[in-house]
$ cat upload16.cif   # mmCIF, C-alpha atoms
data_entry
#
loop_
_atom_site.label_atom_id
_atom_site.label_comp_id
_atom_site.auth_asym_id
_atom_site.auth_seq_id
_atom_site.Cartn_x
_atom_site.Cartn_y
_atom_site.Cartn_z
CA MET S 1 66.96 178.49 87.52
CA THR S 2 68.09 175.35 85.73
CA ALA S 3 71.41 175.07 83.98
CA GLY S 4 71.36 176.43 80.47
CA SER S 5 68.15 178.39 81.02
CA GLY S 6 70.04 181.62 80.25
CA ALA S 7 70.42 180.45 76.66
CA LEU S 8 66.65 180.26 76.21
CA GLY S 9 64.76 182.97 74.33
CA TRP S 10 61.57 184.69 75.39
CA SER S 11 59.42 181.84 74.12
CA GLY S 12 61.64 179.07 75.50
CA MET S 13 63.38 178.60 72.16
CA PRO S 14 67.20 178.37 72.37
CA PHE S 15 68.99 181.52 71.26
CA VAL S 16 70.92 179.70 68.53
CA GLN S 17 67.69 178.33 67.07
CA ARG S 18 66.08 181.78 67.14
CA LEU S 19 69.12 183.23 65.40
CA ALA S 20 68.92 180.50 62.75
CA ARG S 21 65.27 181.36 62.10
CA ILE S 22 66.05 185.06 61.79
CA ARG S 23 68.84 184.22 59.34
CA SER S 24 66.54 181.99 57.26
CA ALA S 25 63.80 184.63 57.13
CA ASN S 26 66.19 187.47 56.23
CA GLU S 27 69.06 185.61 54.58
CA ARG S 28 69.98 188.34 52.10
CA LEU S 29 70.10 191.04 54.77
CA PHE S 30 71.82 188.77 57.29
CA TYR S 31 74.74 187.86 55.04
CA GLY S 32 74.91 191.40 53.67
CA ILE S 33 75.47 192.78 57.18
CA ILE S 34 78.08 190.11 57.92
CA GLY S 35 79.91 190.92 54.69
CA PHE S 36 79.86 194.66 55.43
CA ALA S 37 81.06 194.13 59.01
CA ALA S 38 83.89 191.89 57.81
CA LEU S 39 84.96 194.50 55.26
CA VAL S 40 85.03 197.23 57.94
CA VAL S 41 87.09 195.06 60.32
CA VAL S 42 89.61 194.10 57.62
CA TRP S 43 89.82 197.70 56.40
CA GLU S 44 90.37 199.13 59.90
CA THR S 45 92.92 196.43 60.76
CA ALA S 46 94.88 197.08 57.57
CA ALA S 47 94.93 200.81 58.37
CA ASN S 48 96.13 200.24 61.95
CA LEU S 49 98.88 197.89 60.74
CA GLY S 50 100.06 200.51 58.27
CA LEU S 51 99.46 198.32 55.22
CA TYR S 52 98.46 201.41 53.23
CA ARG S 53 98.65 205.17 53.60
CA ARG S 54 95.66 206.69 55.37
CA THR S 55 96.06 209.83 53.25
CA LEU S 56 95.05 207.73 50.23
CA LEU S 57 92.11 205.70 51.58
CA SER S 58 91.43 206.81 55.18
CA ALA S 59 89.92 204.28 57.62
CA PRO S 60 86.42 203.49 58.92
CA SER S 61 87.16 205.07 62.32
CA SER S 62 88.35 208.30 60.67
CA ILE S 63 85.30 208.40 58.40
CA TRP S 64 83.05 207.90 61.42
CA ARG S 65 84.73 210.78 63.30
CA ALA S 66 84.35 213.04 60.25
CA ALA S 67 80.66 212.08 59.99
CA VAL S 68 80.02 212.81 63.68
CA MET S 69 81.74 216.18 63.36
CA ASP S 70 80.11 217.34 60.11
CA PHE S 71 76.63 216.11 61.00
CA GLY S 72 77.01 217.53 64.49
CA ASN S 73 78.03 221.03 63.42
CA GLY S 74 75.63 220.99 60.46
CA THR S 75 78.18 221.68 57.71
CA ILE S 76 77.15 218.70 55.61
CA TRP S 77 73.38 219.23 55.70
CA PRO S 78 73.25 221.93 52.97
CA HIS S 79 75.19 219.64 50.64
CA ILE S 80 72.81 216.74 51.31
CA SER S 81 69.78 218.98 50.84
CA VAL S 82 70.93 220.34 47.48
CA SER S 83 71.94 216.91 46.13
CA ALA S 84 68.65 215.39 47.30
CA THR S 85 66.70 218.18 45.57
CA GLU S 86 68.61 217.72 42.31
CA PHE S 87 68.05 213.98 42.46
CA ALA S 88 64.35 214.17 43.34
CA VAL S 89 63.41 216.73 40.69
CA GLY S 90 65.43 215.15 37.88
CA PHE S 91 64.36 211.62 38.72
CA VAL S 92 60.66 212.41 39.08
CA VAL S 93 60.67 214.26 35.74
CA SER S 94 62.43 211.30 34.10
CA LEU S 95 59.69 208.98 35.40
CA ALA S 96 56.89 211.35 34.41
CA ILE S 97 58.16 211.49 30.82
CA GLY S 98 59.98 208.18 30.47
CA ILE S 99 57.23 205.79 31.58
CA PRO S 100 54.45 207.16 29.31
CA LEU S 101 56.89 207.45 26.40
CA GLY S 102 58.11 203.88 26.91
CA LEU S 103 54.52 202.65 26.99
CA ALA S 104 53.68 204.58 23.83
CA ILE S 105 56.77 203.32 21.97
CA GLY S 106 56.00 199.75 22.91
CA TRP S 107 52.27 199.93 22.21
CA PHE S 108 52.17 201.99 19.00
CA ARG S 109 54.33 200.87 16.08
CA ARG S 110 54.56 204.29 14.43
CA VAL S 111 55.62 205.98 17.67
CA ASP S 112 58.40 203.40 17.87
CA TYR S 113 59.50 204.24 14.32
CA PHE S 114 59.45 207.97 15.11
CA PHE S 115 61.56 207.83 18.28
CA ASN S 116 63.73 204.75 17.71
CA ALA S 117 66.72 206.33 15.96
CA LEU S 118 66.65 209.49 18.10
CA LEU S 119 66.60 207.62 21.40
CA ALA S 120 69.23 205.14 20.23
CA GLY S 121 71.57 207.97 19.29
CA LEU S 122 71.09 209.90 22.53
CA ASN S 123 71.39 206.76 24.63
CA ALA S 124 74.74 205.96 22.98
CA THR S 125 76.09 209.42 23.87
CA PRO S 126 77.82 209.52 27.28
CA ASN S 127 76.03 211.96 29.57
CA VAL S 128 79.35 213.33 30.81
CA ALA S 129 80.10 214.51 27.27
CA LEU S 130 76.91 216.57 27.30
CA ILE S 131 77.52 218.28 30.65
CA PRO S 132 79.65 221.17 29.25
CA LEU S 133 76.94 221.91 26.68
CA ILE S 134 74.23 221.69 29.34
CA ILE S 135 76.15 224.12 31.55
CA LEU S 136 76.50 226.57 28.64
CA LEU S 137 72.75 226.42 28.03
CA ALA S 138 71.42 226.23 31.61
CA GLY S 139 74.23 227.67 33.74
CA ILE S 140 75.75 226.12 36.86
CA GLY S 141 72.63 226.29 39.02
CA LEU S 142 69.96 223.76 39.88
CA GLU S 143 68.61 223.59 36.32
CA SER S 144 71.75 222.10 34.77
CA LYS S 145 72.05 219.46 37.51
CA VAL S 146 68.40 218.47 37.08
CA ILE S 147 68.90 218.07 33.32
CA VAL S 148 71.92 215.80 33.86
CA VAL S 149 70.03 213.69 36.42
CA PHE S 150 67.05 213.50 34.07
CA LEU S 151 69.17 212.29 31.16
CA SER S 152 71.00 209.78 33.37
CA ALA S 153 67.78 208.05 34.45
CA PHE S 154 65.53 208.70 31.47
CA PHE S 155 66.87 206.12 29.01
CA ALA S 156 66.92 203.28 31.54
CA VAL S 157 63.26 203.98 32.33
CA VAL S 158 62.19 204.26 28.69
CA VAL S 159 64.05 201.17 27.46
CA THR S 160 62.91 198.96 30.34
CA THR S 161 59.29 200.08 29.98
CA PHE S 162 59.40 199.53 26.22
CA THR S 163 60.86 196.06 26.76
CA GLY S 164 58.04 195.26 29.17
CA VAL S 165 55.38 196.20 26.63
CA GLN S 166 57.10 194.11 23.96
CA SER S 167 57.01 191.07 26.27
CA ILE S 168 53.23 191.12 26.66
CA SER S 169 51.63 187.87 25.64
CA ARG S 170 49.78 188.45 22.37
CA ARG S 171 47.49 185.58 23.32
CA HIS S 172 46.14 187.57 26.28
CA LEU S 173 45.53 190.59 24.07
CA GLU S 174 43.68 188.47 21.52
CA ILE S 175 41.47 186.98 24.23
CA THR S 176 40.56 190.47 25.48
CA ARG S 177 39.67 191.67 22.00
CA ARG S 178 37.82 188.46 21.12
CA PHE S 179 35.45 189.08 24.02
CA GLY S 180 34.68 192.56 22.76
CA GLY S 181 37.17 194.51 24.83
CA SER S 182 38.31 197.84 23.45
CA ALA S 183 41.94 198.74 22.76
CA TRP S 184 41.93 200.93 25.88
CA LEU S 185 40.61 198.06 28.00
CA ALA S 186 43.30 195.75 26.62
CA PHE S 187 45.98 198.33 27.37
CA ARG S 188 44.68 199.01 30.88
CA THR S 189 44.00 195.45 31.99
CA VAL S 190 46.71 193.54 30.11
CA GLY S 191 49.32 196.06 28.98
CA LEU S 192 49.81 198.02 32.18
CA THR S 193 49.62 195.08 34.56
CA SER S 194 52.07 192.99 32.53
CA THR S 195 54.48 195.91 32.14
CA LEU S 196 54.46 197.04 35.79
CA PRO S 197 57.24 194.65 36.94
CA PHE S 198 59.44 195.95 34.13
CA ILE S 199 58.61 199.54 35.02
CA LEU S 200 59.68 198.90 38.60
CA SER S 201 62.94 197.38 37.37
CA GLY S 202 63.49 200.47 35.24
CA ILE S 203 62.81 202.71 38.23
CA ARG S 204 65.40 200.82 40.29
CA ILE S 205 68.03 200.99 37.55
CA GLY S 206 67.17 204.62 36.83
CA ALA S 207 67.52 205.59 40.49
CA GLY S 208 71.09 204.31 40.54
CA ARG S 209 71.94 206.15 37.33
CA ALA S 210 70.32 209.32 38.64
CA LEU S 211 72.66 209.27 41.64
CA VAL S 212 75.59 208.91 39.24
CA GLY S 213 74.21 211.92 37.38
CA VAL S 214 74.18 213.98 40.57
CA VAL S 215 77.83 213.14 41.26
CA SER S 216 78.93 213.76 37.67
CA ALA S 217 77.24 217.15 37.44
CA GLU S 218 78.42 218.37 40.83
CA LEU S 219 82.01 217.22 40.32
CA LEU S 220 82.28 219.24 37.10
CA SER S 221 80.44 222.40 38.10
CA ALA S 222 78.95 223.19 41.48
CA ASN S 223 79.53 225.23 44.61
CA VAL S 224 77.34 223.13 46.89
CA GLY S 225 76.21 219.50 46.98
CA LEU S 226 77.74 216.17 47.96
CA GLY S 227 79.68 215.95 44.69
CA PHE S 228 81.17 219.37 45.43
CA TYR S 229 81.82 218.23 49.03
CA ILE S 230 83.81 215.24 47.72
CA ASP S 231 85.75 217.34 45.23
CA LEU S 232 86.49 220.09 47.76
CA TYR S 233 88.00 217.80 50.37
CA ALA S 234 89.88 215.82 47.72
CA HIS S 235 91.84 219.00 47.02
CA PHE S 236 92.77 219.17 50.71
CA LEU S 237 93.65 215.43 50.78
CA ASP S 238 91.00 214.92 53.47
CA THR S 239 90.18 211.37 52.43
CA ALA S 240 87.96 210.77 55.47
CA ARG S 241 85.45 213.33 54.19
CA VAL S 242 85.90 212.21 50.60
CA MET S 243 85.01 208.67 51.65
CA LEU S 244 82.15 210.00 53.78
CA GLY S 245 80.60 211.67 50.72
CA ILE S 246 81.04 208.50 48.68
CA ALA S 247 79.52 206.42 51.50
CA LEU S 248 76.46 208.70 51.66
CA PHE S 249 75.83 208.20 47.95
CA GLY S 250 76.27 204.46 48.43
CA ILE S 251 73.82 204.37 51.33
CA ALA S 252 71.26 206.37 49.35
CA GLY S 253 71.57 203.97 46.42
CA LEU S 254 71.30 200.94 48.69
CA VAL S 255 68.17 202.21 50.46
CA LEU S 256 66.43 203.24 47.24
CA GLY S 257 67.32 199.95 45.58
CA GLU S 258 66.03 197.86 48.47
CA VAL S 259 62.75 199.80 48.74
CA ILE S 260 62.06 199.40 45.02
CA ARG S 261 63.16 195.75 45.13
CA VAL S 262 60.47 195.04 47.73
CA ALA S 263 57.87 196.47 45.34
CA GLU S 264 59.36 194.40 42.50
CA ARG S 265 58.92 191.20 44.49
CA ARG S 266 55.36 192.19 45.31
CA PHE S 267 54.42 192.53 41.63
CA GLU S 268 56.71 189.84 40.20
CA VAL S 269 53.69 187.55 39.73
CA TRP S 270 52.37 190.04 37.17
CA ARG S 271 55.42 189.50 34.93
CA PRO S 272 54.14 187.83 31.74
CA ASP S 273 55.11 184.28 30.88
CA VAL S 274 56.51 184.47 27.38
CA HIS S 275 56.82 180.70 27.00
#

$ encode --input "upload16.cif" --output "structure tokens"
Amino acid sequence: MTAGSGALGWSGMPFVQRLARIRSANERLFYGIIGFAALVVVWETAANLGLYRRTLLSAPSSIWRAAVMDFGNGTIWPHISVSATEFAVGFVVSLAIGIPLGLAIGWFRRVDYFFNALLAGLNATPNVALIPLIILLAGIGLESKVIVVFLSAFFAVVVTTFTGVQSISRRHLEITRRFGGSAWLAFRTVGLTSTLPFILSGIRIGAGRALVGVVSAELLSANVGLGFYIDLYAHFLDTARVMLGIALFGIAGLVLGEVIRVAERRFEVWRPDVH
């Protein structure tokens, strides 16, 4: 074995060069992992040096031990299951109603006139202010949480979809109609394809807001769920489990955002050129 051969990769390429290629191909992920690792190291070091009180912020090692314990004995799984159900039902309903409504508002002028003031007023009302009323009407069960999640995501989906329809190039619509295409054909071939990138952006934004809706609803009124899990252990000053619950919401948001972002990049070429 020649000197330095241990530094060679499987294909004979030096390890440093292979690492550089991986970094170039996945630059966003690469630097994101480095940034996260640096934060964990600084956070843990500050905790070990006593630069802050662990009872206020905990430490990565304590959060990890709490995660191993609660996942191992199964105590956290019911909370994850309930929160995931609330999120999934509320978010899917918001997409099922919000996307068609956004398309209709953007495509039909009179539908826009009919819903404009109502949606503007509801969108300006903080969802947290509506939670007590929602609880009075729907109780503290699954239904009230689903309604809060729905409202949290709904307006982002509607507004982004509407904006996408409004950005459609009128020139493309005129060309379709000039060649004898029906209004339905113009909507299907030009309207939907041009609006899809905006719809995906609305789905990504709405997913984040739906997670906020889950937390908000469960913090105010729940007896199970990750929001309840956070609130419960906050009362016992168990910041490791409080931070664990927060981290799980963060991870869920990150994964959902990245999955939808991949789809956004795939259909970005369909975004209309308004210039």

$ closest_residue --input "upload16.cif" --among "S:Phe71, S:Phe150, S:Phe236, S:Phe249" --to "Ala88 in chain S" --atoms "only C-alpha atoms"
S:Phe150

$ resolve_selection --input "upload16.cif" --expression "the PyMOL selection byres ((chain S and resi 153-165) around 9)" --output "PyMOL selection string"
chain S and resi 90-91+93-95+97-107+119+122-123+148-152+166-168+191-192+194-211+213+271-272

$ atom_distance --input "upload16.cif" --atom1 "CA of Gly227 in chain S" --atom2 "CA of Glu258 in chain S"
23.0 Å

$ atom_distance --input "upload16.cif" --atom1 "CA of Leu130 in chain S" --atom2 "CA of Glu86 in chain S"
17.2 Å

$ atom_distance --input "upload16.cif" --atom1 "CA of Ala67 in chain S" --atom2 "CA of Tyr229 in chain S"
12.6 Å

$ closest_residue --input "upload16.cif" --among "S:Ile147, S:Leu49, S:Leu226, S:Ala240" --to "Trp77 in chain S" --atoms "all atoms listed in the file"
S:Leu226

$ resolve_selection --input "upload16.cif" --expression "the PyMOL selection byres ((chain S and resi 219-223) around 12)" --output "PDB file with C-alpha atoms, keeping the file's coordinate frame"
ATOM      1  CA  PRO S  78      73.250 221.930  52.970  1.00  0.00           C
ATOM      2  CA  HIS S  79      75.190 219.640  50.640  1.00  0.00           C
ATOM      3  CA  VAL S  82      70.930 220.340  47.480  1.00  0.00           C
ATOM      4  CA  SER S  83      71.940 216.910  46.130  1.00  0.00           C
ATOM      5  CA  GLU S  86      68.610 217.720  42.310  1.00  0.00           C
ATOM      6  CA  VAL S 128      79.350 213.330  30.810  1.00  0.00           C
ATOM      7  CA  ALA S 129      80.100 214.510  27.270  1.00  0.00           C
ATOM      8  CA  LEU S 130      76.910 216.570  27.300  1.00  0.00           C
ATOM      9  CA  ILE S 131      77.520 218.280  30.650  1.00  0.00           C
ATOM     10  CA  PRO S 132      79.650 221.170  29.250  1.00  0.00           C
ATOM     11  CA  LEU S 133      76.940 221.910  26.680  1.00  0.00           C
ATOM     12  CA  ILE S 134      74.230 221.690  29.340  1.00  0.00           C
ATOM     13  CA  ILE S 135      76.150 224.120  31.550  1.00  0.00           C
ATOM     14  CA  LEU S 136      76.500 226.570  28.640  1.00  0.00           C
ATOM     15  CA  ALA S 138      71.420 226.230  31.610  1.00  0.00           C
ATOM     16  CA  GLY S 139      74.230 227.670  33.740  1.00  0.00           C
ATOM     17  CA  ILE S 140      75.750 226.120  36.860  1.00  0.00           C
ATOM     18  CA  GLY S 141      72.630 226.290  39.020  1.00  0.00           C
ATOM     19  CA  LEU S 142      69.960 223.760  39.880  1.00  0.00           C
ATOM     20  CA  GLU S 143      68.610 223.590  36.320  1.00  0.00           C
ATOM     21  CA  SER S 144      71.750 222.100  34.770  1.00  0.00           C
ATOM     22  CA  LYS S 145      72.050 219.460  37.510  1.00  0.00           C
ATOM     23  CA  VAL S 148      71.920 215.800  33.860  1.00  0.00           C
ATOM     24  CA  VAL S 212      75.590 208.910  39.240  1.00  0.00           C
ATOM     25  CA  GLY S 213      74.210 211.920  37.380  1.00  0.00           C
ATOM     26  CA  VAL S 214      74.180 213.980  40.570  1.00  0.00           C
ATOM     27  CA  VAL S 215      77.830 213.140  41.260  1.00  0.00           C
ATOM     28  CA  SER S 216      78.930 213.760  37.670  1.00  0.00           C
ATOM     29  CA  ALA S 217      77.240 217.150  37.440  1.00  0.00           C
ATOM     30  CA  GLU S 218      78.420 218.370  40.830  1.00  0.00           C
ATOM     31  CA  VAL S 224      77.340 223.130  46.890  1.00  0.00           C
ATOM     32  CA  GLY S 225      76.210 219.500  46.980  1.00  0.00           C
ATOM     33  CA  LEU S 226      77.740 216.170  47.960  1.00  0.00           C
ATOM     34  CA  GLY S 227      79.680 215.950  44.690  1.00  0.00           C
ATOM     35  CA  PHE S 228      81.170 219.370  45.430  1.00  0.00           C
ATOM     36  CA  TYR S 229      81.820 218.230  49.030  1.00  0.00           C
ATOM     37  CA  ILE S 230      83.810 215.240  47.720  1.00  0.00           C
ATOM     38  CA  ASP S 231      85.750 217.340  45.230  1.00  0.00           C
ATOM     39  CA  LEU S 232      86.490 220.090  47.760  1.00  0.00           C
ATOM     40  CA  TYR S 233      88.000 217.800  50.370  1.00  0.00           C
ATOM     41  CA  ALA S 234      89.880 215.820  47.720  1.00  0.00           C
ATOM     42  CA  GLY S 245      80.600 211.670  50.720  1.00  0.00           C
TER      43      GLY S 245
END

$ resolve_selection --input "upload16.cif" --expression "the PyMOL selection byres ((chain S and resi 62) around 10)" --output "JSON, numbers by chain"
{"S": [44, 54, 58, 59, 60, 61, 63, 64, 65, 66, 67, 68, 239, 240, 241, 243, 244]}

$ decode --input "upload16.cif" --residues "range 78-115 of chain S" --atoms "N, CA and C atoms" --output "PDB file, in the first residue's frame"
ATOM      1  N   PRO S  78     -48.953   8.457  22.623  1.00  0.00           N
ATOM      2  CA  PRO S  78     -50.343   8.930  22.516  1.00  0.00           C
ATOM      3  C   PRO S  78     -50.432  10.422  22.214  1.00  0.00           C
ATOM      4  N   HIS S  79     -49.540  11.217  22.770  1.00  0.00           N
ATOM      5  CA  HIS S  79     -49.545  12.652  22.510  1.00  0.00           C
ATOM      6  C   HIS S  79     -49.210  12.942  21.047  1.00  0.00           C
ATOM      7  N   ILE S  80     -48.218  12.233  20.516  1.00  0.00           N
ATOM      8  CA  ILE S  80     -47.849  12.411  19.105  1.00  0.00           C
ATOM      9  C   ILE S  80     -48.989  11.987  18.199  1.00  0.00           C
ATOM     10  N   SER S  81     -49.625  10.866  18.527  1.00  0.00           N
ATOM     11  CA  SER S  81     -50.715  10.349  17.705  1.00  0.00           C
ATOM     12  C   SER S  81     -51.884  11.322  17.639  1.00  0.00           C
ATOM     13  N   VAL S  82     -52.270  11.866  18.787  1.00  0.00           N
ATOM     14  CA  VAL S  82     -53.409  12.797  18.819  1.00  0.00           C
ATOM     15  C   VAL S  82     -53.074  14.085  18.066  1.00  0.00           C
ATOM     16  N   SER S  83     -51.895  14.641  18.298  1.00  0.00           N
ATOM     17  CA  SER S  83     -51.507  15.878  17.598  1.00  0.00           C
ATOM     18  C   SER S  83     -51.415  15.654  16.094  1.00  0.00           C
ATOM     19  N   ALA S  84     -50.874  14.503  15.683  1.00  0.00           N
ATOM     20  CA  ALA S  84     -50.771  14.200  14.258  1.00  0.00           C
ATOM     21  C   ALA S  84     -52.151  14.077  13.622  1.00  0.00           C
ATOM     22  N   THR S  85     -53.091  13.471  14.351  1.00  0.00           N
ATOM     23  CA  THR S  85     -54.459  13.335  13.832  1.00  0.00           C
ATOM     24  C   THR S  85     -55.118  14.692  13.670  1.00  0.00           C
ATOM     25  N   GLU S  86     -54.986  15.538  14.690  1.00  0.00           N
ATOM     26  CA  GLU S  86     -55.555  16.894  14.620  1.00  0.00           C
ATOM     27  C   GLU S  86     -54.967  17.669  13.450  1.00  0.00           C
ATOM     28  N   PHE S  87     -53.666  17.570  13.294  1.00  0.00           N
ATOM     29  CA  PHE S  87     -53.002  18.268  12.195  1.00  0.00           C
ATOM     30  C   PHE S  87     -53.476  17.742  10.846  1.00  0.00           C
ATOM     31  N   ALA S  88     -53.462  16.432  10.676  1.00  0.00           N
ATOM     32  CA  ALA S  88     -53.790  15.836   9.378  1.00  0.00           C
ATOM     33  C   ALA S  88     -55.214  16.161   8.951  1.00  0.00           C
ATOM     34  N   VAL S  89     -56.174  15.992   9.867  1.00  0.00           N
ATOM     35  CA  VAL S  89     -57.575  16.234   9.508  1.00  0.00           C
ATOM     36  C   VAL S  89     -57.803  17.709   9.199  1.00  0.00           C
ATOM     37  N   GLY S  90     -57.343  18.588  10.090  1.00  0.00           N
ATOM     38  CA  GLY S  90     -57.557  20.018   9.875  1.00  0.00           C
ATOM     39  C   GLY S  90     -56.857  20.531   8.636  1.00  0.00           C
ATOM     40  N   PHE S  91     -55.649  20.062   8.391  1.00  0.00           N
ATOM     41  CA  PHE S  91     -54.876  20.539   7.246  1.00  0.00           C
ATOM     42  C   PHE S  91     -55.453  20.034   5.936  1.00  0.00           C
ATOM     43  N   VAL S  92     -55.842  18.771   5.888  1.00  0.00           N
ATOM     44  CA  VAL S  92     -56.425  18.216   4.660  1.00  0.00           C
ATOM     45  C   VAL S  92     -57.731  18.923   4.320  1.00  0.00           C
ATOM     46  N   VAL S  93     -58.563  19.186   5.339  1.00  0.00           N
ATOM     47  CA  VAL S  93     -59.819  19.901   5.087  1.00  0.00           C
ATOM     48  C   VAL S  93     -59.537  21.318   4.588  1.00  0.00           C
ATOM     49  N   SER S  94     -58.514  21.972   5.153  1.00  0.00           N
ATOM     50  CA  SER S  94     -58.179  23.323   4.693  1.00  0.00           C
ATOM     51  C   SER S  94     -57.739  23.317   3.233  1.00  0.00           C
ATOM     52  N   LEU S  95     -57.024  22.281   2.816  1.00  0.00           N
ATOM     53  CA  LEU S  95     -56.619  22.174   1.406  1.00  0.00           C
ATOM     54  C   LEU S  95     -57.815  21.858   0.516  1.00  0.00           C
ATOM     55  N   ALA S  96     -58.679  20.966   0.988  1.00  0.00           N
ATOM     56  CA  ALA S  96     -59.829  20.554   0.184  1.00  0.00           C
ATOM     57  C   ALA S  96     -60.783  21.713  -0.070  1.00  0.00           C
ATOM     58  N   ILE S  97     -60.887  22.636   0.871  1.00  0.00           N
ATOM     59  CA  ILE S  97     -61.768  23.799   0.704  1.00  0.00           C
ATOM     60  C   ILE S  97     -60.998  25.004   0.180  1.00  0.00           C
ATOM     61  N   GLY S  98     -59.795  25.227   0.701  1.00  0.00           N
ATOM     62  CA  GLY S  98     -59.049  26.434   0.391  1.00  0.00           C
ATOM     63  C   GLY S  98     -58.568  26.522  -1.043  1.00  0.00           C
ATOM     64  N   ILE S  99     -58.074  25.412  -1.600  1.00  0.00           N
ATOM     65  CA  ILE S  99     -57.556  25.453  -2.972  1.00  0.00           C
ATOM     66  C   ILE S  99     -58.668  25.713  -3.994  1.00  0.00           C
ATOM     67  N   PRO S 100     -59.782  24.957  -3.979  1.00  0.00           N
ATOM     68  CA  PRO S 100     -60.862  25.275  -4.935  1.00  0.00           C
ATOM     69  C   PRO S 100     -61.429  26.678  -4.746  1.00  0.00           C
ATOM     70  N   LEU S 101     -61.554  27.128  -3.484  1.00  0.00           N
ATOM     71  CA  LEU S 101     -62.090  28.464  -3.245  1.00  0.00           C
ATOM     72  C   LEU S 101     -61.127  29.531  -3.765  1.00  0.00           C
ATOM     73  N   GLY S 102     -59.831  29.343  -3.532  1.00  0.00           N
ATOM     74  CA  GLY S 102     -58.847  30.292  -4.054  1.00  0.00           C
ATOM     75  C   GLY S 102     -58.865  30.357  -5.565  1.00  0.00           C
ATOM     76  N   LEU S 103     -59.013  29.204  -6.213  1.00  0.00           N
ATOM     77  CA  LEU S 103     -59.101  29.176  -7.675  1.00  0.00           C
ATOM     78  C   LEU S 103     -60.352  29.900  -8.159  1.00  0.00           C
ATOM     79  N   ALA S 104     -61.468  29.664  -7.469  1.00  0.00           N
ATOM     80  CA  ALA S 104     -62.725  30.301  -7.870  1.00  0.00           C
ATOM     81  C   ALA S 104     -62.666  31.809  -7.673  1.00  0.00           C
ATOM     82  N   ILE S 105     -62.093  32.263  -6.555  1.00  0.00           N
ATOM     83  CA  ILE S 105     -61.991  33.701  -6.296  1.00  0.00           C
ATOM     84  C   ILE S 105     -61.103  34.376  -7.331  1.00  0.00           C
ATOM     85  N   GLY S 106     -60.034  33.715  -7.700  1.00  0.00           N
ATOM     86  CA  GLY S 106     -59.125  34.299  -8.677  1.00  0.00           C
ATOM     87  C   GLY S 106     -59.664  34.260 -10.095  1.00  0.00           C
ATOM     88  N   TRP S 107     -60.460  33.250 -10.410  1.00  0.00           N
ATOM     89  CA  TRP S 107     -60.909  33.056 -11.791  1.00  0.00           C
ATOM     90  C   TRP S 107     -62.211  33.798 -12.100  1.00  0.00           C
ATOM     91  N   PHE S 108     -63.099  33.876 -11.103  1.00  0.00           N
ATOM     92  CA  PHE S 108     -64.408  34.498 -11.316  1.00  0.00           C
ATOM     93  C   PHE S 108     -64.507  35.803 -10.523  1.00  0.00           C
ATOM     94  N   ARG S 109     -64.733  36.886 -11.231  1.00  0.00           N
ATOM     95  CA  ARG S 109     -64.746  38.214 -10.612  1.00  0.00           C
ATOM     96  C   ARG S 109     -65.833  38.347  -9.557  1.00  0.00           C
ATOM     97  N   ARG S 110     -67.012  37.825  -9.828  1.00  0.00           N
ATOM     98  CA  ARG S 110     -68.118  37.982  -8.882  1.00  0.00           C
ATOM     99  C   ARG S 110     -67.916  37.145  -7.622  1.00  0.00           C
ATOM    100  N   VAL S 111     -67.266  36.013  -7.759  1.00  0.00           N
ATOM    101  CA  VAL S 111     -66.943  35.214  -6.560  1.00  0.00           C
ATOM    102  C   VAL S 111     -65.962  35.988  -5.693  1.00  0.00           C
ATOM    103  N   ASP S 112     -65.023  36.676  -6.321  1.00  0.00           N
ATOM    104  CA  ASP S 112     -64.079  37.523  -5.590  1.00  0.00           C
ATOM    105  C   ASP S 112     -64.825  38.613  -4.828  1.00  0.00           C
ATOM    106  N   TYR S 113     -65.780  39.279  -5.487  1.00  0.00           N
ATOM    107  CA  TYR S 113     -66.547  40.329  -4.827  1.00  0.00           C
ATOM    108  C   TYR S 113     -67.324  39.774  -3.636  1.00  0.00           C
ATOM    109  N   PHE S 114     -67.843  38.565  -3.787  1.00  0.00           N
ATOM    110  CA  PHE S 114     -68.698  37.975  -2.750  1.00  0.00           C
ATOM    111  C   PHE S 114     -67.899  37.625  -1.496  1.00  0.00           C
ATOM    112  N   PHE S 115     -66.692  37.074  -1.686  1.00  0.00           N
ATOM    113  CA  PHE S 115     -65.929  36.579  -0.543  1.00  0.00           C
ATOM    114  C   PHE S 115     -64.866  37.552  -0.038  1.00  0.00           C
TER     115      PHE S 115
END
